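Asker: My structure file coords03.cif, mmCIF, N, CA, C and O atoms, is below:
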```
data_structure
loop_
_atom_site.label_atom_id
_atom_site.label_comp_id
_atom_site.auth_asym_id
_atom_site.auth_seq_id
_atom_site.Cartn_x
_atom_site.Cartn_y
_atom_site.Cartn_z
N MET A 21 -11.16 -1.80 -26.89
CA MET A 21 -12.41 -1.48 -26.27
C MET A 21 -13.36 -0.90 -27.31
O MET A 21 -14.52 -1.27 -27.32
N ASN A 22 -12.89 0.01 -28.17
CA ASN A 22 -13.75 0.58 -29.20
C ASN A 22 -14.19 -0.49 -30.19
O ASN A 22 -15.30 -0.45 -30.68
N THR A 23 -13.31 -1.45 -30.49
CA THR A 23 -13.66 -2.53 -31.40
C THR A 23 -14.80 -3.35 -30.84
O THR A 23 -15.71 -3.74 -31.57
N MET A 24 -14.77 -3.59 -29.52
CA MET A 24 -15.83 -4.35 -28.89
C MET A 24 -17.16 -3.60 -29.00
O MET A 24 -18.20 -4.21 -29.27
N LEU A 25 -17.13 -2.29 -28.81
CA LEU A 25 -18.35 -1.50 -28.93
C LEU A 25 -18.92 -1.56 -30.34
O LEU A 25 -20.13 -1.71 -30.53
N VAL A 26 -18.04 -1.46 -31.34
CA VAL A 26 -18.49 -1.51 -32.74
C VAL A 26 -19.11 -2.86 -33.04
O VAL A 26 -20.16 -2.95 -33.68
N LEU A 27 -18.49 -3.95 -32.55
CA LEU A 27 -19.04 -5.28 -32.78
C LEU A 27 -20.40 -5.44 -32.12
O LEU A 27 -21.32 -6.03 -32.69
N LEU A 28 -20.53 -4.92 -30.90
CA LEU A 28 -21.81 -5.04 -30.20
C LEU A 28 -22.90 -4.24 -30.89
O LEU A 28 -24.05 -4.68 -30.99
N GLN A 29 -22.55 -3.05 -31.40
CA GLN A 29 -23.53 -2.22 -32.07
C GLN A 29 -23.94 -2.80 -33.42
O GLN A 29 -25.08 -2.66 -33.85
N SER A 30 -23.02 -3.48 -34.08
CA SER A 30 -23.33 -4.03 -35.40
C SER A 30 -24.26 -5.23 -35.33
O SER A 30 -24.88 -5.60 -36.30
N GLN A 31 -24.35 -5.85 -34.14
CA GLN A 31 -25.23 -7.01 -33.99
C GLN A 31 -26.70 -6.62 -34.04
O GLN A 31 -27.55 -7.45 -34.32
N GLY A 32 -26.98 -5.38 -33.77
CA GLY A 32 -28.36 -4.91 -33.81
C GLY A 32 -29.17 -5.52 -32.71
O GLY A 32 -28.82 -5.49 -31.55
N GLY A 33 -30.29 -6.14 -33.03
CA GLY A 33 -31.17 -6.72 -32.04
C GLY A 33 -30.80 -8.14 -31.64
O GLY A 33 -31.41 -8.71 -30.76
N GLN A 34 -29.85 -8.75 -32.29
CA GLN A 34 -29.51 -10.15 -32.05
C GLN A 34 -28.56 -10.27 -30.85
O GLN A 34 -27.38 -10.02 -30.96
N GLY A 35 -29.07 -10.68 -29.72
CA GLY A 35 -28.22 -10.93 -28.56
C GLY A 35 -27.57 -9.68 -28.00
O GLY A 35 -26.56 -9.77 -27.34
N GLY A 36 -28.11 -8.53 -28.27
CA GLY A 36 -27.52 -7.28 -27.79
C GLY A 36 -27.51 -7.19 -26.28
O GLY A 36 -26.62 -6.61 -25.69
N GLY A 37 -28.50 -7.77 -25.62
CA GLY A 37 -28.56 -7.74 -24.16
C GLY A 37 -27.40 -8.49 -23.53
O GLY A 37 -26.80 -8.03 -22.57
N MET A 38 -27.07 -9.63 -24.07
CA MET A 38 -25.98 -10.44 -23.55
C MET A 38 -24.63 -9.74 -23.81
O MET A 38 -23.75 -9.75 -22.96
N GLY A 39 -24.49 -9.14 -24.96
CA GLY A 39 -23.24 -8.45 -25.30
C GLY A 39 -23.01 -7.25 -24.42
O GLY A 39 -21.88 -7.00 -23.97
N SER A 40 -24.05 -6.47 -24.15
CA SER A 40 -23.88 -5.30 -23.29
C SER A 40 -23.61 -5.71 -21.85
O SER A 40 -22.86 -5.05 -21.14
N MET A 41 -24.17 -6.84 -21.42
CA MET A 41 -23.89 -7.35 -20.08
C MET A 41 -22.42 -7.76 -19.99
O MET A 41 -21.75 -7.47 -19.01
N LEU A 42 -21.92 -8.42 -21.02
CA LEU A 42 -20.52 -8.83 -21.07
C LEU A 42 -19.61 -7.60 -21.02
O LEU A 42 -18.61 -7.59 -20.29
N LEU A 43 -19.97 -6.58 -21.76
CA LEU A 43 -19.18 -5.34 -21.77
C LEU A 43 -19.15 -4.71 -20.38
O LEU A 43 -18.09 -4.28 -19.91
N MET A 44 -20.28 -4.67 -19.69
CA MET A 44 -20.31 -4.10 -18.35
C MET A 44 -19.45 -4.90 -17.38
O MET A 44 -18.74 -4.33 -16.55
N VAL A 45 -19.45 -6.21 -17.50
CA VAL A 45 -18.63 -7.05 -16.63
C VAL A 45 -17.15 -6.79 -16.89
O VAL A 45 -16.35 -6.65 -15.95
N VAL A 46 -16.77 -6.69 -18.15
CA VAL A 46 -15.36 -6.42 -18.50
C VAL A 46 -14.93 -5.06 -17.95
O VAL A 46 -13.86 -4.92 -17.36
N VAL A 47 -15.76 -4.04 -18.12
CA VAL A 47 -15.43 -2.70 -17.61
C VAL A 47 -15.32 -2.72 -16.09
O VAL A 47 -14.40 -2.13 -15.52
N LEU A 48 -16.21 -3.41 -15.41
CA LEU A 48 -16.17 -3.51 -13.96
C LEU A 48 -14.88 -4.19 -13.49
O LEU A 48 -14.22 -3.73 -12.55
N ILE A 49 -14.49 -5.27 -14.14
CA ILE A 49 -13.25 -5.97 -13.79
C ILE A 49 -12.04 -5.07 -13.99
O ILE A 49 -11.14 -5.02 -13.14
N LEU A 50 -12.01 -4.34 -15.10
CA LEU A 50 -10.89 -3.42 -15.36
C LEU A 50 -10.82 -2.32 -14.30
O LEU A 50 -9.73 -1.96 -13.83
N MET A 51 -11.97 -1.77 -13.93
CA MET A 51 -11.98 -0.72 -12.90
C MET A 51 -11.45 -1.24 -11.58
O MET A 51 -10.64 -0.59 -10.91
N MET A 52 -11.87 -2.44 -11.18
CA MET A 52 -11.42 -3.01 -9.91
C MET A 52 -9.92 -3.29 -9.96
O MET A 52 -9.21 -3.07 -8.97
N TRP A 53 -9.42 -3.74 -11.09
CA TRP A 53 -7.99 -4.03 -11.22
C TRP A 53 -7.17 -2.75 -11.10
O TRP A 53 -6.16 -2.71 -10.39
N PHE A 54 -7.59 -1.68 -11.78
CA PHE A 54 -6.85 -0.42 -11.71
C PHE A 54 -6.91 0.19 -10.31
O PHE A 54 -5.93 0.77 -9.85
N MET A 55 -8.03 0.09 -9.64
CA MET A 55 -8.15 0.65 -8.30
C MET A 55 -7.27 -0.12 -7.31
O MET A 55 -6.70 0.47 -6.40
N GLY A 56 -7.12 -1.40 -7.48
CA GLY A 56 -6.32 -2.22 -6.58
C GLY A 56 -4.83 -2.11 -6.81
O GLY A 56 -4.03 -2.42 -5.93
N SER A 57 -4.42 -1.67 -7.99
CA SER A 57 -2.98 -1.62 -8.29
C SER A 57 -2.25 -0.62 -7.40
O SER A 57 -1.11 -0.88 -7.00
N GLY A 58 -2.86 0.47 -7.05
CA GLY A 58 -2.23 1.45 -6.15
C GLY A 58 -2.03 0.89 -4.76
O GLY A 58 -0.99 1.11 -4.12
N GLN A 59 -3.00 0.14 -4.28
CA GLN A 59 -2.89 -0.48 -2.96
C GLN A 59 -1.81 -1.54 -2.94
O GLN A 59 -1.08 -1.68 -1.97
N ARG A 60 -1.70 -2.30 -4.05
CA ARG A 60 -0.65 -3.32 -4.11
C ARG A 60 0.73 -2.68 -4.10
O ARG A 60 1.65 -3.19 -3.46
N LYS A 61 0.90 -1.56 -4.82
CA LYS A 61 2.19 -0.86 -4.83
C LYS A 61 2.56 -0.38 -3.43
O LYS A 61 3.69 -0.51 -2.99
N GLN A 62 1.59 0.20 -2.73
CA GLN A 62 1.83 0.71 -1.38
C GLN A 62 2.21 -0.42 -0.42
O GLN A 62 3.13 -0.29 0.38
N ALA A 63 1.51 -1.54 -0.51
CA ALA A 63 1.80 -2.68 0.36
C ALA A 63 3.19 -3.23 0.08
O ALA A 63 3.93 -3.59 1.01
N LYS A 64 3.57 -3.29 -1.18
CA LYS A 64 4.90 -3.78 -1.55
C LYS A 64 5.99 -2.84 -1.02
O LYS A 64 7.01 -3.28 -0.50
N LYS A 65 5.75 -1.54 -1.13
CA LYS A 65 6.71 -0.55 -0.64
C LYS A 65 6.91 -0.67 0.87
O LYS A 65 8.04 -0.64 1.37
N GLU A 66 5.82 -0.84 1.62
CA GLU A 66 5.91 -0.98 3.07
C GLU A 66 6.59 -2.29 3.47
O GLU A 66 7.37 -2.33 4.42
N LYS A 67 6.32 -3.36 2.73
CA LYS A 67 6.97 -4.64 3.03
C LYS A 67 8.49 -4.53 2.82
O LYS A 67 9.27 -5.01 3.65
N GLU A 68 8.91 -3.89 1.74
CA GLU A 68 10.34 -3.70 1.48
C GLU A 68 10.97 -2.85 2.58
O GLU A 68 12.09 -3.12 3.01
N PHE A 69 10.25 -1.83 3.04
CA PHE A 69 10.77 -0.98 4.11
C PHE A 69 11.00 -1.80 5.37
O PHE A 69 12.04 -1.68 6.02
N ARG A 70 10.04 -2.65 5.74
CA ARG A 70 10.17 -3.46 6.96
C ARG A 70 11.34 -4.43 6.87
O ARG A 70 11.99 -4.72 7.86
N GLU A 71 11.60 -4.96 5.67
CA GLU A 71 12.71 -5.89 5.49
C GLU A 71 14.06 -5.18 5.60
O GLU A 71 15.03 -5.77 6.06
N LYS A 72 14.13 -3.93 5.17
CA LYS A 72 15.38 -3.17 5.17
C LYS A 72 15.56 -2.31 6.42
O LYS A 72 16.58 -1.64 6.56
N MET A 73 14.59 -2.30 7.33
CA MET A 73 14.63 -1.45 8.51
C MET A 73 15.88 -1.73 9.35
O MET A 73 16.26 -2.88 9.53
N GLN A 74 16.49 -0.67 9.82
CA GLN A 74 17.69 -0.83 10.64
C GLN A 74 17.73 0.23 11.73
O GLN A 74 16.96 1.18 11.72
N LYS A 75 18.64 0.05 12.66
CA LYS A 75 18.77 0.96 13.80
C LYS A 75 18.99 2.39 13.31
O LYS A 75 19.77 2.63 12.40
N GLY A 76 18.28 3.33 13.93
CA GLY A 76 18.41 4.74 13.58
C GLY A 76 17.37 5.25 12.61
O GLY A 76 17.21 6.46 12.46
N ASP A 77 16.63 4.37 11.93
CA ASP A 77 15.58 4.80 11.01
C ASP A 77 14.45 5.45 11.79
O ASP A 77 14.08 5.00 12.86
N ARG A 78 13.90 6.54 11.26
CA ARG A 78 12.76 7.19 11.88
C ARG A 78 11.50 6.59 11.29
O ARG A 78 11.38 6.45 10.08
N VAL A 79 10.57 6.22 12.17
CA VAL A 79 9.35 5.52 11.74
C VAL A 79 8.12 6.08 12.45
O VAL A 79 8.22 6.88 13.38
N MET A 80 6.97 5.61 11.98
CA MET A 80 5.70 5.93 12.61
C MET A 80 4.99 4.60 12.84
O MET A 80 5.09 3.69 12.03
N PHE A 81 4.29 4.47 13.96
CA PHE A 81 3.56 3.23 14.20
C PHE A 81 2.27 3.48 14.95
O PHE A 81 2.05 4.53 15.53
N SER A 82 1.43 2.49 14.89
CA SER A 82 0.12 2.41 15.57
C SER A 82 -0.48 3.72 16.02
O SER A 82 -0.30 4.15 17.14
N GLY A 83 -1.20 4.33 15.14
CA GLY A 83 -1.96 5.51 15.50
C GLY A 83 -1.19 6.81 15.43
O GLY A 83 -1.62 7.81 15.98
N GLY A 84 -0.04 6.83 14.77
CA GLY A 84 0.67 8.07 14.55
C GLY A 84 1.75 8.40 15.56
O GLY A 84 2.14 9.55 15.69
N ILE A 85 2.26 7.42 16.28
CA ILE A 85 3.35 7.67 17.23
C ILE A 85 4.66 7.59 16.46
O ILE A 85 4.93 6.62 15.76
N TYR A 86 5.50 8.62 16.60
CA TYR A 86 6.77 8.69 15.90
C TYR A 86 7.90 8.23 16.81
O TYR A 86 7.85 8.41 18.02
N GLY A 87 8.93 7.66 16.22
CA GLY A 87 10.08 7.24 17.00
C GLY A 87 11.24 6.86 16.12
O GLY A 87 11.20 6.99 14.89
N LYS A 88 12.30 6.39 16.77
CA LYS A 88 13.52 5.98 16.08
C LYS A 88 13.78 4.51 16.42
O LYS A 88 13.67 4.10 17.57
N VAL A 89 14.13 3.71 15.41
CA VAL A 89 14.36 2.29 15.61
C VAL A 89 15.57 2.10 16.50
O VAL A 89 16.66 2.64 16.26
N HIS A 90 15.39 1.35 17.58
CA HIS A 90 16.47 1.05 18.53
C HIS A 90 17.10 -0.29 18.19
O HIS A 90 18.31 -0.43 18.20
N SER A 91 16.25 -1.30 17.89
CA SER A 91 16.74 -2.61 17.44
C SER A 91 15.63 -3.32 16.68
O SER A 91 14.45 -3.03 16.86
N VAL A 92 16.04 -4.26 15.81
CA VAL A 92 15.09 -4.97 14.96
C VAL A 92 15.23 -6.47 15.22
O VAL A 92 16.32 -7.02 15.15
N GLY A 93 14.10 -7.12 15.55
CA GLY A 93 14.06 -8.56 15.73
C GLY A 93 13.42 -9.21 14.51
O GLY A 93 13.20 -8.55 13.49
N THR A 94 13.09 -10.48 14.62
CA THR A 94 12.47 -11.16 13.48
C THR A 94 11.01 -10.74 13.29
O THR A 94 10.58 -10.54 12.16
N THR A 95 10.26 -10.58 14.39
CA THR A 95 8.85 -10.18 14.26
C THR A 95 8.53 -8.91 15.03
O THR A 95 7.43 -8.38 14.89
N THR A 96 9.47 -8.41 15.83
CA THR A 96 9.22 -7.20 16.61
C THR A 96 10.31 -6.16 16.36
O THR A 96 11.39 -6.47 15.86
N VAL A 97 10.00 -4.94 16.75
CA VAL A 97 10.93 -3.83 16.62
C VAL A 97 10.90 -3.05 17.93
O VAL A 97 9.83 -2.80 18.47
N GLU A 98 12.06 -2.68 18.44
CA GLU A 98 12.12 -1.80 19.60
C GLU A 98 12.32 -0.38 19.08
O GLU A 98 13.24 -0.11 18.32
N ILE A 99 11.43 0.52 19.54
CA ILE A 99 11.44 1.90 19.05
C ILE A 99 11.59 2.84 20.23
O ILE A 99 10.87 2.74 21.22
N GLU A 100 12.53 3.77 20.09
CA GLU A 100 12.73 4.79 21.11
C GLU A 100 11.85 5.97 20.77
O GLU A 100 12.00 6.59 19.72
N VAL A 101 10.88 6.26 21.66
CA VAL A 101 9.94 7.35 21.40
C VAL A 101 10.35 8.64 22.09
O VAL A 101 9.91 9.72 21.69
N SER A 102 11.17 8.56 23.12
CA SER A 102 11.78 9.72 23.75
C SER A 102 13.05 9.24 24.42
O SER A 102 13.34 8.04 24.43
N ASN A 103 13.82 10.14 25.01
CA ASN A 103 15.09 9.75 25.62
C ASN A 103 14.88 8.66 26.67
O ASN A 103 14.27 8.89 27.71
N GLY A 104 15.37 7.46 26.38
CA GLY A 104 15.30 6.36 27.32
C GLY A 104 14.00 5.58 27.34
O GLY A 104 13.90 4.58 28.01
N THR A 105 12.99 6.01 26.61
CA THR A 105 11.72 5.31 26.57
C THR A 105 11.67 4.44 25.32
O THR A 105 11.60 4.95 24.20
N ILE A 106 11.72 3.13 25.52
CA ILE A 106 11.76 2.20 24.39
C ILE A 106 10.52 1.31 24.45
O ILE A 106 10.20 0.72 25.48
N LEU A 107 9.82 1.23 23.33
CA LEU A 107 8.62 0.40 23.20
C LEU A 107 8.90 -0.73 22.23
O LEU A 107 9.56 -0.54 21.22
N THR A 108 8.39 -1.91 22.55
CA THR A 108 8.49 -3.05 21.65
C THR A 108 7.15 -3.21 20.94
O THR A 108 6.12 -3.32 21.58
N VAL A 109 7.20 -3.19 19.61
CA VAL A 109 5.97 -3.29 18.82
C VAL A 109 6.13 -4.35 17.74
O VAL A 109 7.25 -4.72 17.36
N GLU A 110 5.01 -4.83 17.24
CA GLU A 110 5.00 -5.79 16.15
C GLU A 110 5.52 -5.11 14.88
O GLU A 110 5.17 -3.97 14.58
N LYS A 111 6.35 -5.80 14.13
CA LYS A 111 6.96 -5.23 12.94
C LYS A 111 5.91 -4.78 11.91
O LYS A 111 6.11 -3.78 11.23
N SER A 112 4.80 -5.48 11.83
CA SER A 112 3.78 -5.13 10.84
C SER A 112 3.09 -3.80 11.15
O SER A 112 2.43 -3.24 10.28
N MET A 113 3.24 -3.29 12.37
CA MET A 113 2.60 -2.02 12.75
C MET A 113 3.48 -0.81 12.43
O MET A 113 3.05 0.32 12.59
N VAL A 114 4.69 -1.04 11.97
CA VAL A 114 5.63 0.05 11.71
C VAL A 114 5.58 0.43 10.24
O VAL A 114 5.59 -0.43 9.37
N THR A 115 5.50 1.74 9.97
CA THR A 115 5.50 2.24 8.60
C THR A 115 6.55 3.34 8.47
O THR A 115 6.92 3.97 9.46
N PRO A 116 7.01 3.59 7.25
CA PRO A 116 7.94 4.71 7.07
C PRO A 116 7.23 6.03 7.32
O PRO A 116 6.00 6.11 7.25
N LEU A 117 8.00 7.05 7.61
CA LEU A 117 7.40 8.37 7.83
C LEU A 117 6.72 8.85 6.55
O LEU A 117 7.20 8.59 5.45
N PRO A 118 5.60 9.55 6.67
CA PRO A 118 4.94 10.10 5.49
C PRO A 118 5.87 11.06 4.76
O PRO A 118 6.74 11.70 5.36
N GLU A 119 5.67 11.19 3.45
CA GLU A 119 6.51 12.03 2.61
C GLU A 119 6.49 13.49 3.03
O GLU A 119 7.49 14.18 2.98
N ASN A 120 5.36 13.99 3.49
CA ASN A 120 5.22 15.41 3.81
C ASN A 120 5.45 15.72 5.28
O ASN A 120 5.01 16.73 5.79
N ASN A 121 6.15 14.84 5.99
CA ASN A 121 6.39 15.06 7.43
C ASN A 121 7.47 16.12 7.61
O ASN A 121 8.55 16.03 7.06
N ASN A 122 7.19 17.12 8.41
CA ASN A 122 8.12 18.21 8.65
C ASN A 122 8.85 18.05 9.97
O ASN A 122 9.51 18.99 10.43
N GLN A 123 8.75 16.90 10.61
CA GLN A 123 9.38 16.69 11.90
C GLN A 123 10.89 16.67 11.74
O GLN A 123 11.42 16.10 10.80
N SER A 124 11.61 17.30 12.66
CA SER A 124 13.07 17.37 12.57
C SER A 124 13.66 16.00 12.88
O SER A 124 13.12 15.22 13.63
N LYS A 125 14.81 15.73 12.26
CA LYS A 125 15.46 14.44 12.44
C LYS A 125 16.46 14.51 13.52
O LYS A 125 17.30 14.92 13.88
#
```
The structure in this file should be written as structure tokens.

Answerer:
Amino acid sequence: MNTMLVLLQSQGGQGGGMGSMLLMVVVLILMMWFMGSGQRKQAKKEKEFREKMQKGDRVMFSGGIYGKVHSVGTTTVEIEVSNGTILTVEKSMVTPLPENNNQSK
């Protein structure tokens, strides 16, 4: 990156506008790539969780409702939210419990 700046500055008045535009585009692309990498990691982590989900796992789904996995289908999950109350939800709506959750198991 510093080498690119030195090259652009050494050009002086010759095509400096085009070079600085190129530099701004490169910086913008790098910023977007770094910002998206965290989201990609999170999505990959949630996808792996859904593939490994099994009976007894504690989960959270659609709007913050907590429950325990009762059974897992191909596209749906049955979740027990209280004694005897079982809800069937789409697998994509289920996420692992947040790291800082203090709810008893």

Asker: Selected by the PyMOL selection byres ((chain A and resi 95) around 6) in the shown coordinates: which residues, as a list in words?

Answerer: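 After applying the PyMOL selection byres ((chain A and resi 95) around 6), what remains is Gly93, Thr94, Thr96, Val97, Val109, Glu110, Lys111 and Ser112 of chain A.
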
Asker: Skipping near chain neighbours, those fewer than 4 positions away, what residues fall within 8 Å of Ser91 of chain A using all atoms listed in the file, listed as a compact mmCIF listing (two decimals) with N, CA, C and O atoms, keeping the file's coordinate frame?

Answerer:
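Generated output (selection-v4.txt):
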```txt
# COMPACT_ATOMS: atom_id res chain seq x y z
N MET A 73 14.59 -2.30 7.33
CA MET A 73 14.63 -1.45 8.51
C MET A 73 15.88 -1.73 9.35
O MET A 73 16.26 -2.88 9.53
N GLN A 74 16.49 -0.67 9.82
CA GLN A 74 17.69 -0.83 10.64
C GLN A 74 17.73 0.23 11.73
O GLN A 74 16.96 1.18 11.72
N LYS A 75 18.64 0.05 12.66
CA LYS A 75 18.77 0.96 13.80
C LYS A 75 18.99 2.39 13.31
O LYS A 75 19.77 2.63 12.40
N GLY A 76 18.28 3.33 13.93
CA GLY A 76 18.41 4.74 13.58
C GLY A 76 17.37 5.25 12.61
O GLY A 76 17.21 6.46 12.46
N THR A 96 9.47 -8.41 15.83
CA THR A 96 9.22 -7.20 16.61
C THR A 96 10.31 -6.16 16.36
O THR A 96 11.39 -6.47 15.86
N VAL A 97 10.00 -4.94 16.75
CA VAL A 97 10.93 -3.83 16.62
C VAL A 97 10.90 -3.05 17.93
O VAL A 97 9.83 -2.80 18.47
N GLU A 98 12.06 -2.68 18.44
CA GLU A 98 12.12 -1.80 19.60
C GLU A 98 12.32 -0.38 19.08
O GLU A 98 13.24 -0.11 18.32
N ILE A 99 11.43 0.52 19.54
CA ILE A 99 11.44 1.90 19.05
C ILE A 99 11.59 2.84 20.23
O ILE A 99 10.87 2.74 21.22
N GLU A 100 12.53 3.77 20.09
CA GLU A 100 12.73 4.79 21.11
C GLU A 100 11.85 5.97 20.77
O GLU A 100 12.00 6.59 19.72
N LEU A 107 9.82 1.23 23.33
CA LEU A 107 8.62 0.40 23.20
C LEU A 107 8.90 -0.73 22.23
O LEU A 107 9.56 -0.54 21.22
N THR A 108 8.39 -1.91 22.55
CA THR A 108 8.49 -3.05 21.65
C THR A 108 7.15 -3.21 20.94
O THR A 108 6.12 -3.32 21.58
N VAL A 109 7.20 -3.19 19.61
CA VAL A 109 5.97 -3.29 18.82
C VAL A 109 6.13 -4.35 17.74
O VAL A 109 7.25 -4.72 17.36
```

Asker: Once the PyMOL selection byres ((chain A and resi 88) around 5) is applied to the coordinates I shared, what remains selected? I want it as an mmCIF file with N, CA, C and O atoms, keeping the file's coordinate frame.

Answerer:
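The new file expr-v2.cif reads:
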```
data_model
loop_
_atom_site.group_PDB
_atom_site.id
_atom_site.type_symbol
_atom_site.label_atom_id
_atom_site.label_comp_id
_atom_site.auth_asym_id
_atom_site.auth_seq_id
_atom_site.Cartn_x
_atom_site.Cartn_y
_atom_site.Cartn_z
ATOM 1 N N ASP A 77 16.630 4.370 11.930
ATOM 2 C CA ASP A 77 15.580 4.800 11.010
ATOM 3 C C ASP A 77 14.450 5.450 11.790
ATOM 4 O O ASP A 77 14.080 5.000 12.860
ATOM 5 N N ARG A 78 13.900 6.540 11.260
ATOM 6 C CA ARG A 78 12.760 7.190 11.880
ATOM 7 C C ARG A 78 11.500 6.590 11.290
ATOM 8 O O ARG A 78 11.380 6.450 10.080
ATOM 9 N N VAL A 79 10.570 6.220 12.170
ATOM 10 C CA VAL A 79 9.350 5.520 11.740
ATOM 11 C C VAL A 79 8.120 6.080 12.450
ATOM 12 O O VAL A 79 8.220 6.880 13.380
ATOM 13 N N TYR A 86 5.500 8.620 16.600
ATOM 14 C CA TYR A 86 6.770 8.690 15.900
ATOM 15 C C TYR A 86 7.900 8.230 16.810
ATOM 16 O O TYR A 86 7.850 8.410 18.020
ATOM 17 N N GLY A 87 8.930 7.660 16.220
ATOM 18 C CA GLY A 87 10.080 7.240 17.000
ATOM 19 C C GLY A 87 11.240 6.860 16.120
ATOM 20 O O GLY A 87 11.200 6.990 14.890
ATOM 21 N N VAL A 89 14.130 3.710 15.410
ATOM 22 C CA VAL A 89 14.360 2.290 15.610
ATOM 23 C C VAL A 89 15.570 2.100 16.500
ATOM 24 O O VAL A 89 16.660 2.640 16.260
ATOM 25 N N HIS A 90 15.390 1.350 17.580
ATOM 26 C CA HIS A 90 16.470 1.050 18.530
ATOM 27 C C HIS A 90 17.100 -0.290 18.190
ATOM 28 O O HIS A 90 18.310 -0.430 18.200
ATOM 29 N N GLU A 98 12.060 -2.680 18.440
ATOM 30 C CA GLU A 98 12.120 -1.800 19.600
ATOM 31 C C GLU A 98 12.320 -0.380 19.080
ATOM 32 O O GLU A 98 13.240 -0.110 18.320
ATOM 33 N N ILE A 99 11.430 0.520 19.540
ATOM 34 C CA ILE A 99 11.440 1.900 19.050
ATOM 35 C C ILE A 99 11.590 2.840 20.230
ATOM 36 O O ILE A 99 10.870 2.740 21.220
ATOM 37 N N GLU A 100 12.530 3.770 20.090
ATOM 38 C CA GLU A 100 12.730 4.790 21.110
ATOM 39 C C GLU A 100 11.850 5.970 20.770
ATOM 40 O O GLU A 100 12.000 6.590 19.720
#
```

Asker: Would you work out the distance separating atom N of Gly83 of chain A from atom CA of Met113 of chain A, expressed in Å to one decimal?

Answerer: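 Going from atom N of Gly83 of chain A over to atom CA of Met113 of chain A, I get 7.8 Å.
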
Asker: Hey, can you check how far atom N of Met38 of chain A sits from atom CA of Met51 of chain A?

Answerer: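 According to the coordinates, atom N of Met38 of chain A and atom CA of Met51 of chain A are separated by 20.8 Å.
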
Asker: To one decimal place, how far is atom O of Phe69 of chain A from atom C of Val114 of chain A in Å?

Answerer: 8.0 Å

Asker: Determine which residues of segment 25-95 of chain A receive a DSSP assignment of strand (DSSP E), computed from the backbone, and state them as a PyMOL selection string.

Answerer: chain A and resi 78-81+85-92

Asker: May I ask which of the residues A:Met44, A:Met55, A:Met80, A:Leu117 is the closest one to Val101 of chain A, counting only C-alpha atoms?

Answerer: A:Met80
